[in-house]
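Report on the structure given below.
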Amino acid sequence: MTTIAVTGHMDLTDGTVPLVRAGLEELLARYAPSDLTGVSCIAKGSDSLFAEALLAVGGRLVVVVPSEDYR
């Protein structure tokens, strides 16, 4: 099993989002979806883009839920 964990910037510009999406698609294409697990807090920005891309290729997502007083 391959596990990829992601954390990244929250405030992406409109011009950056397509670049991040393309990079994630390129990265995830290297792995068999049935063997791929991603870990993310799914915060806005690159974390959410990763989660969307992972699920789009058929990977499994493990979400880390921060505590109530998490900033």
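Within each chain, counting starts at residue 1; across the structure tokens, chains are named A, B, ... in the order shown, with ligands numbered 1 upward in that order.
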Quick one: residues within 9 Å of Ala43 of chain A, only C-alpha atoms, excluding same-chain residues fewer than 5 positions away - as JSON, numbers by chain? {"A": [7, 8, 10, 48]}
Let me see the file: selected residues, N, CA, C and O atoms, as a PDB file, in the first residue's frame.
```pdb
ATOM      1  N   THR A   7       0.166  18.438   3.100  1.00  0.00           N
ATOM      2  CA  THR A   7      -0.179  19.700   3.746  1.00  0.00           C
ATOM      3  C   THR A   7       0.359  20.802   2.844  1.00  0.00           C
ATOM      4  O   THR A   7       1.364  20.617   2.165  1.00  0.00           O
ATOM      5  N   GLY A   8      -0.342  21.904   2.781  1.00  0.00           N
ATOM      6  CA  GLY A   8       0.107  22.946   1.875  1.00  0.00           C
ATOM      7  C   GLY A   8      -0.553  24.277   2.166  1.00  0.00           C
ATOM      8  O   GLY A   8      -1.204  24.454   3.193  1.00  0.00           O
ATOM      9  N   MET A  10      -3.034  27.453   2.103  1.00  0.00           N
ATOM     10  CA  MET A  10      -4.486  27.610   2.100  1.00  0.00           C
ATOM     11  C   MET A  10      -4.939  28.685   1.112  1.00  0.00           C
ATOM     12  O   MET A  10      -5.982  28.554   0.482  1.00  0.00           O
ATOM     13  N   SER A  48      -7.441  20.463   0.230  1.00  0.00           N
ATOM     14  CA  SER A  48      -8.708  20.076  -0.392  1.00  0.00           C
ATOM     15  C   SER A  48      -8.514  19.641  -1.836  1.00  0.00           C
ATOM     16  O   SER A  48      -9.148  18.685  -2.300  1.00  0.00           O
TER      17      SER A  48
END
```
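Near Thr3 of chain A, within a cut-off of 7 Å and counting only C-alpha atoms, sit the residues Leu36, Thr37 and Gly38 of chain A, with same-chain residues fewer than 4 positions away left out.
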How would the residues just chosen look if you wrote them out with N, CA, C and O atoms as a short mmCIF file (atom, residue, chain, number, x, y, z; two decimals), in the first residue's frame?
```cif
data_model
loop_
_atom_site.label_atom_id
_atom_site.label_comp_id
_atom_site.auth_asym_id
_atom_site.auth_seq_id
_atom_site.Cartn_x
_atom_site.Cartn_y
_atom_site.Cartn_z
N LEU A 36 -3.66 2.98 -3.26
CA LEU A 36 -3.30 4.34 -2.89
C LEU A 36 -4.20 4.88 -1.77
O LEU A 36 -5.42 4.87 -1.87
N THR A 37 -3.56 5.36 -0.71
CA THR A 37 -4.26 6.01 0.39
C THR A 37 -3.66 7.39 0.61
O THR A 37 -2.44 7.54 0.62
N GLY A 38 -4.50 8.39 0.76
CA GLY A 38 -4.04 9.74 1.03
C GLY A 38 -4.47 10.17 2.42
O GLY A 38 -5.52 9.77 2.91
#
```
May I ask which of the residues A:Met1, A:Leu12, A:Asp47, A:Gly58 is the closest one to Leu28 of chain A, counting only C-alpha atoms?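 Residue with the minimum atom-to-atom distance to Leu28 of chain A: A:Gly58.
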As an exercise, work out the distance from atom CA of Ser34 of chain A to atom CA of His9 of chain A in Å and give it to one decimal place.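 Those two atoms sit 27.7 Å apart.
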Nearest to Thr2 of chain A among A:Glu52, A:Val65, A:Pro33, A:Gly45, with distances taken over only C-alpha atoms: which residue is it? A:Pro33
Option closest in space to Ile42 of chain A, from A:Glu68, A:Val6, A:Thr13, A:Leu55 [counting only C-alpha atoms]: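 Going through A:Glu68, A:Val6, A:Thr13, A:Leu55 one by one, the smallest distance to Ile42 of chain A is for A:Val6.
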